[in-house]
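Engineer: One structure, pasted below without further comment.
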Amino acid sequence: MQVINPVVRRWVEAAREDPEGFWARAAEKLPWFRRWDRVFEWDFPTFRWFIGGRTNLAYNCLDYHVAAGRSGQAALIYINERGERRTYTYAQLLREVRRLAAALRGMGIKKGDRLTIYMPTSPEAIMLMLATVRVGAIHSVVFAGFGAGALADRIAASGSRLVFTADVTYRKGRDVRLKEIVDEALKAAGDTVEHVVVWRRTDQDVPMSPGRDLFWADFLKRAEGQPDGWVEMESNEPAYILATSGTTAKPKLAVHTHGSYQVGIHSTGRWCFGLRPGEVWWSTSDIGWVVGHSYIVYAPLLVGCATIAYEGALDHPGPETFWRVVEDFGVTGIFTSPTAVRLLMRYGSEPARKFDLSSLERVVCAGEVLNAPAWEWLQKDVLNDRVPVIDHWWQTETGGPVIGNPYGLAMLPIKPGSASIPLPGMEVGVMTPEGQECGPGEKGILVIKRPFPSLTPTLWGEPERYARDYWQRIPGRQVYFTGDSAQLDGDGYVWFAGRADEIIKIAAHRIGTIEVETAFLKHPAVAEAGVTGRPDEVRGEVISAFVVLKQGYRPSEELRRELIETVRRELGPVAVIGEVNFVNMLPKTRSGKIMRRVLKAVILNRDPGDITTIEDEGSVEEARQAWQQMRAEIQAPVSDS
Amino acid sequence: MANGDERTEVRNQIVVETLLKEERRFPPPPEFREKAWVKDWTPWEEAERDLEGFWAKHAEAELHWFRKWEKVLEWNVPWAKWFVGGLINACYNCVDRHAQSWRRTKAAIVWEGEPGNWRVLTYQDLHREVQKFANVLKGLGVQKGDRVTIYLGMVPELPIAMLACARIGAPHSVVFGGFSSDALRDRIQDAQAKVLITQDGAWRRGNIVPLKQFADKALEECPSVEKVVVVRRVGEPSGARLMEGRDFWWDELMAKADPVCPAEPLDAEHPLYILYTSGTTGKPKGVLHTTGGYLLGVHLTTKWVFDLKDEDYYWCTADIGWVTGHSYIVYGPLSNGGTSVMYEGAPDWPDRDRFWAIVEKYRINILYTSPTLIRTVMRWGPEYPARHDLSSLRLLGTVGEPINPEAWMWYHEHIGRGRCPIVDTWWQTETGMIMITPIPGVVTTKPGSATIPFPGVGAEVVDEQGNPCPPNVGGYLVLTRPWPAMLRTFWGDPERYVQTYWSRFPGRYFTSDGARKDEDGYFWVTGRVDDVVNVAGHRLSNIEIESALVAHPAVAEAAVIGRSDPLKGQAVSAFVVLKAGYEPNEGLKDELREWVAQKISPIARPSDVFFCADLPKTRSAKIMRRLLRDIAEGRALGDTTTLTDPAVVEEMRQRYIAEGKEEA
């Protein structure tokens, strides 16, 4: 057990011995208007943290820093793919947020009201999030890449009074129009919506519905005569809700709170990422995802960082874009996704070499497993082993990291392909679906045994569903079901194998999709791979693989044989490959995760909407679109690109 | 600045009688004193005990040196060398050392454009931009010692260009963006600049000033200029055209520039910049400032006079084209790691709220502006500032000319809301740094007095023979000791330097300002000694008469000159701008005459009062009393090229003549 250094061991043990004392100490690192009465109460399946404590998430992000003399520090650096750059100091950001808070009050928004933000990652959207939280209202941000159906579901589920949007968002050099999508969505889900506010960025015409729709400037005028102060919130009162799934007509809305969520993300931001005041932090995600909420907006501002918000494609107009941001702004920390890493990897390391990356101290990565070959490329080829590339694991529901390398406390050795250990304060386990604890090396389902502060305490409006979907999945055990399959090694490191419901069962062996994909990536020709199981009369299932080749490689029978050989060498003869399909791209969620259910639907020739176990972000309509594209692609010969 | 013939006139004058009494006192608020950098008299005592030791101690503690000096001061009157043998770089001190510290992500410059757009440059951003532009300059052939003329409006590229010059040891010569092509030509020629940096056009009250076209005209007679860099600010409507091979767009050069350019270790006496003081007549005078001493002077005065703290938003409203902007927008605040706000446009664009909207928008803590601006705002009325939340302000400053007590009180009440100490600072282009000033945590202020010399500064009021004047007797303000930020010479004209400053009172620096010291040792600067009215042998300061006039409820602004009078030698002639709501009439003229007689003395009673809509001012907002004298004495107008609007003065002259005839 010497892999875990004494510092980390001390933290882990302290949390295990006295979890409440441990989290109370973490909470003391933040300012409170009033201290809590009790640290923790578990009223199964829900729970509360820091009961009676009074705070305001947005106050702690802004006013607190300005009052502490940090008004001239950069708070938000906005960049987009068109080269526009804007830096806001803490004082400026606070001023804008106060104005928006007053305008929200002018629109009649009160504590507890919901509003939907369907906007690009932009200062306006981020300021609106903070203003909403400031007045005690609840935001529901919907990723501005979702279609009208997904948006309608989310608006309806949240019961929003207002919807905020923009005329367009920028994507790969194009204007993607948004207002029309809102109009479409409101035909289906407009019951609670009183007004739509449109942030206009172009001079193109925008369809406006008189009486219902207003432009941003008119919205700002509502601030006249309205107070712009913050509302003191009890620790467990909701700050925001965020949809996690588009499976059914009714998405699940995770709830994150003012006090406990804040303590969670602030703590893990420091322990796992080492966030510190004044640094330049770039989370490449979108505000539509939980990563954007916790690690573009809230945690970096709570800590006092300068946080970068980037709108657009990371490789537009070229792969230099990404690395230029690092050099130009002296980025010290990056939070990105394996998809983004693999995207950049396709261009090779030449673009990165043109830039001075010496300001960078670490890269953290989450969203999917960072396969060892992608890790190796970034850590070794690009960064010359100078700084660590750190994988970690969490979900929308957990608010922040659960499994990770405690880089900010005392870094542990990196094992490429593993997300490292359960962070201090996180009590997790690996169990069979029947509730048996798995030993080291045994694959099972990752479960959380005890709530921690940033874990969603309920689903908005659906407490029974919360109990059913998370806490009652494993019979007889009161544990939170993450839905991910994993195993622990002898050092206590967690190795994820894939979604529990995507495990491929070949002749009684359970093989994770990620294990197979990683094996494919070991071959130098492979840029990306996605696998799923295909039913097989003899073996139960065999592997069906979809492979994207790197630039300069062409599909051939010989290559196909080589790939099969590579996987067999890595995983043994148990990894029976039924077929290898060469494709130009893999179907992905808008947050960049491979949609294996679409691969399955392609293999089974079934509509992906029929597959009811979709757990990750995305929506049925998008899955279906990808499915059609994939089917067309594997029927047509692959181009020589 | 006075011109030569006016100064000769002054030589014949003796002392200035002062009759205006000011009894109000404003001690430092205790809570301000408690947090201030300077809380007690220690710095003055230290400087008196050991002058060189005082400056050396702070040079060591406050600045970064590549190599420490061997000797603090070498003083062969009037030639000074400070920190002899020391190696330093002003840009490194203003940028690099902060970019390498926790201030990396702190806003260095917060810029607000006239059209309302804004830009924040953190120290990291500034570091990068400055290094790139330093490489651009090198690429254009600029070497250490070469002069670079900068003719820009208030755009972020202006401080970037200055700092880039300082980085590679190329002295800059900033020419105010409001100057004409003739003035620009004279300054380029005098400095023999190799490169000119200008912009396509500048925004001014919603209109475009075609700077590039002016520059093109000037360059017809400036063969020394090899390359021109043009900042794109307004785009096509500027009508700017680039000359192939000579002219380059700033952004295009910057896109290709290498972002690494280490700061050059320079001798402490290496020229930092040339700044021209007066172009109204004759050859402009290029005041030369050097690196080490200048930087120490502006650093320490910024820190102590403005009590500048890391959390402050500091706004000096001057144009960087003047010394105030050099010292107190760029070098002083940045050397301290401060956040310096700069504004591109006019205070009344798009409306008279603009300044106060900026104070509110950025939560300005420290505001440094001019008495002229304050008087203008007074004239507009208190309703404009009253509409805004000015609660962030904690310190106010003034610079440029003595402030009338009434304007001081108005500033105190309507802008400072009675809470903020006011620092009325006296200094000059030549002094480089603030010389006479309150230190806000220590010195009790009196409205209208710049109070006492900064620690280490020696100032005295002397009579015609150079003997100290008794309390409350006016005389000439002189500086009795060398100070680190003093000018070293005129560029290319050392004799004129000696002649102008050091020959009137040998061994002492002649400021050309009149002053008196009161019984508390407070200095009351009465204005340029050429701005003195001699009425029947009584020498009156026109500033004092102006202050009395402005104290009248109807008066917004006033300028007073001495008009030749066969009986009295000179007669007081007053030019008065009324506040909104007051009508000019004969009754009011009499009332104002009587008012002055009562406030000061019957001998100060103006012989004539002339109502006008505006006063003729230079582009740096100083009242041009020389032109008023021309008007009053019925002469043809002298050079009006530095006026904001020459036509106004000609119209005034015609009306003055007409009115005189009527009265006669």
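Residues in the structure tokens are numbered from 1 in each chain, the chains being A, B, ... in the order shown, and ligands are numbered from 1 in the order shown.
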Using DSSP on the backbone, list every residue of segment 399-500 of chain B that comes out as strand (DSSP E or B), and give them as a ChimeraX atom specification.

Structural biologist: /B:422-424,426,436,445,451,453,459-462,468,475-479,489-490

Engineer: Could the residues of chain A within 10 Å of chain B, counting only C-alpha atoms, be given as JSON, numbers by chain, please?

Structural biologist: {"A": [66, 67, 68, 69, 70, 71, 72, 73, 74, 75, 77, 85, 86, 87, 88, 89, 90, 91, 92, 95, 96, 277, 278, 279, 280, 305, 306, 327, 328, 329, 330, 356]}

Engineer: Can you list, as a VMD selection string, all residues belonging to segment 451-502 of chain A that DSSP tags as alpha helix (DSSP H)?

Structural biologist: chain A and resid 463 to 466

Engineer: Keeping N, CA and C atoms for every residue in the selection just given, could you write it to a file as a compact mmCIF listing (two decimals), in the first residue's frame?

Structural biologist:
# COMPACT_ATOMS: atom_id res chain seq x y z
N PRO A 463 -38.78 12.84 -6.04
CA PRO A 463 -38.02 12.17 -4.98
C PRO A 463 -38.09 10.64 -5.07
N GLU A 464 -39.23 10.12 -5.53
CA GLU A 464 -39.35 8.65 -5.60
C GLU A 464 -38.41 8.11 -6.68
N ARG A 465 -38.36 8.84 -7.78
CA ARG A 465 -37.48 8.39 -8.86
C ARG A 465 -36.02 8.43 -8.42
N TYR A 466 -35.70 9.42 -7.59
CA TYR A 466 -34.34 9.52 -7.06
C TYR A 466 -34.00 8.26 -6.27

Engineer: Between atom CA of Ala243 of chain A and atom CA of Asn60 of chain A, what is the spacing in Å?

Structural biologist: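 Result for atom CA of Asn60 of chain A versus atom CA of Ala243 of chain A: 24.7 Å, one decimal.
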
Engineer: Residues within 10 Å of Arg560 of chain A, please, as a PyMOL selection string. Count only C-alpha atoms; anything in the same chain fewer than 6 positions from it doesn't count.

Structural biologist: chain A and resi 547+566+579-582

Engineer: Which neighbours of Thr458 of chain A fall inside 10 Å, counting only C-alpha atoms, when residues of the same chain fewer than 2 positions from it are skipped, and could you give them as a VMD selection string?

Structural biologist: chain A and resid 45 to 47 252 to 256 397 455 to 456 460 to 467 470

Engineer: Pull C-alpha atoms from the residues just selected and write them as a PDB file, in the first residue's frame.

Structural biologist:
ATOM      1  CA  PRO A  45     -32.915   8.482   0.542  1.00  0.00           C
ATOM      2  CA  THR A  46     -32.297  12.215   0.814  1.00  0.00           C
ATOM      3  CA  PHE A  47     -29.896  14.011   3.130  1.00  0.00           C
ATOM      4  CA  LYS A 252     -33.801  13.586 -14.732  1.00  0.00           C
ATOM      5  CA  LEU A 253     -32.999  16.915 -13.110  1.00  0.00           C
ATOM      6  CA  ALA A 254     -30.144  16.730 -10.645  1.00  0.00           C
ATOM      7  CA  VAL A 255     -30.324  19.368  -7.911  1.00  0.00           C
ATOM      8  CA  HIS A 256     -27.282  21.254  -6.657  1.00  0.00           C
ATOM      9  CA  GLU A 397     -25.134  13.924  -9.984  1.00  0.00           C
ATOM     10  CA  LEU A 455     -23.928  14.687  -4.319  1.00  0.00           C
ATOM     11  CA  THR A 456     -27.388  15.548  -5.621  1.00  0.00           C
ATOM     12  CA  TRP A 460     -36.175  17.950  -9.033  1.00  0.00           C
ATOM     13  CA  GLY A 461     -39.842  17.120  -8.444  1.00  0.00           C
ATOM     14  CA  GLU A 462     -39.238  13.357  -8.359  1.00  0.00           C
ATOM     15  CA  PRO A 463     -38.016  12.170  -4.976  1.00  0.00           C
ATOM     16  CA  GLU A 464     -39.347   8.647  -5.595  1.00  0.00           C
ATOM     17  CA  ARG A 465     -37.480   8.392  -8.862  1.00  0.00           C
ATOM     18  CA  TYR A 466     -34.339   9.520  -7.062  1.00  0.00           C
ATOM     19  CA  ALA A 467     -34.693   6.673  -4.581  1.00  0.00           C
ATOM     20  CA  TYR A 470     -29.979   5.581  -7.449  1.00  0.00           C
TER      21      TYR A 470
END

Engineer: Can you work out the spacing between atom CA of Phe26 of chain B and atom CA of Phe306 of chain B in Å, to one decimal?

Structural biologist: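 Going from atom CA of Phe26 of chain B over to atom CA of Phe306 of chain B, I get 16.7 Å.
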
Engineer: Would you mind listing what lies within 10 Å of Cys612 of chain B as number ranges by chain, with only C-alpha atoms counted and same-chain residues fewer than 2 positions away left out?

Structural biologist: B: 557-558, 575-578, 584, 609-610, 614-615, 648, 652, 655-656

Engineer: Write the residues of the selection above to a file with C-alpha atoms, as an mmCIF file, in the first residue's frame.

Structural biologist:
data_model
loop_
_atom_site.group_PDB
_atom_site.id
_atom_site.type_symbol
_atom_site.label_atom_id
_atom_site.label_comp_id
_atom_site.auth_asym_id
_atom_site.auth_seq_id
_atom_site.Cartn_x
_atom_site.Cartn_y
_atom_site.Cartn_z
ATOM 1 C CA GLU B 557 -15.305 79.926 -14.641
ATOM 2 C CA ALA B 558 -13.197 83.037 -14.730
ATOM 3 C CA PHE B 575 -13.446 87.102 -18.489
ATOM 4 C CA VAL B 576 -16.367 85.326 -16.920
ATOM 5 C CA VAL B 577 -18.378 82.245 -17.868
ATOM 6 C CA LEU B 578 -21.738 82.159 -16.102
ATOM 7 C CA PRO B 584 -25.315 88.343 -18.493
ATOM 8 C CA VAL B 609 -15.936 92.235 -16.827
ATOM 9 C CA PHE B 610 -16.573 90.436 -20.068
ATOM 10 C CA ASP B 614 -16.196 79.684 -23.005
ATOM 11 C CA LEU B 615 -12.569 80.477 -22.290
ATOM 12 C CA VAL B 648 -14.071 81.041 -30.748
ATOM 13 C CA MET B 652 -14.550 86.838 -28.772
ATOM 14 C CA ARG B 655 -17.279 91.083 -29.647
ATOM 15 C CA TYR B 656 -14.909 92.533 -27.050
#

Engineer: Quick one: residues within 9 Å of Tyr298 of chain A, only C-alpha atoms, excluding same-chain residues fewer than 4 positions away - as a list of chain:residue names?

Structural biologist: A:Leu57, A:Ala58, A:Cys61, A:Leu130, A:Gln262, A:Ile265, A:His266, A:Gly292, A:His293, A:Ser294, A:Leu302, A:Val303

Engineer: Segment 484-499 of chain B: which residues within 7 Å, counting only C-alpha atoms, same-chain residues fewer than 5 positions away excluded, as a list in words?

Structural biologist: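 Contacts, in chain order: Pro78, Trp79, Ala80, Trp82, Lys285, Gly286, Val287, Leu288, His289, Gly293, Tyr294, Leu296, Gly297, Glu430, Thr431, Gly432 and Met433 of chain B.
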
Engineer: Write the residues you've just listed into a file as a PDB file, in the first residue's frame, and include C-alpha atoms for each of them.

Structural biologist:
ATOM      1  CA  PRO B  78      22.922  71.937 -12.750  1.00  0.00           C
ATOM      2  CA  TRP B  79      23.890  68.482 -13.935  1.00  0.00           C
ATOM      3  CA  ALA B  80      22.522  65.604 -11.928  1.00  0.00           C
ATOM      4  CA  TRP B  82      21.234  59.608  -9.874  1.00  0.00           C
ATOM      5  CA  LYS B 285      11.682  72.294 -25.705  1.00  0.00           C
ATOM      6  CA  GLY B 286      12.373  68.600 -25.329  1.00  0.00           C
ATOM      7  CA  VAL B 287      12.439  67.831 -21.625  1.00  0.00           C
ATOM      8  CA  LEU B 288      14.617  64.791 -21.093  1.00  0.00           C
ATOM      9  CA  HIS B 289      13.874  62.247 -18.388  1.00  0.00           C
ATOM     10  CA  GLY B 293      15.702  58.382 -10.790  1.00  0.00           C
ATOM     11  CA  TYR B 294      12.569  59.149 -12.731  1.00  0.00           C
ATOM     12  CA  LEU B 296      11.859  56.036  -8.319  1.00  0.00           C
ATOM     13  CA  GLY B 297      10.277  59.492  -8.188  1.00  0.00           C
ATOM     14  CA  GLU B 430      10.290  69.286 -15.852  1.00  0.00           C
ATOM     15  CA  THR B 431       9.965  67.920 -12.323  1.00  0.00           C
ATOM     16  CA  GLY B 432       8.724  64.558 -13.622  1.00  0.00           C
ATOM     17  CA  MET B 433       7.121  63.781 -10.266  1.00  0.00           C
TER      18      MET B 433
END

Engineer: Have a look at atom CA of Thr640 of chain B and atom CA of Ile329 of chain B and let me know their distance in Å, one decimal.

Structural biologist: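 For atom CA of Thr640 of chain B relative to atom CA of Ile329 of chain B, the distance reads 28.4 Å.
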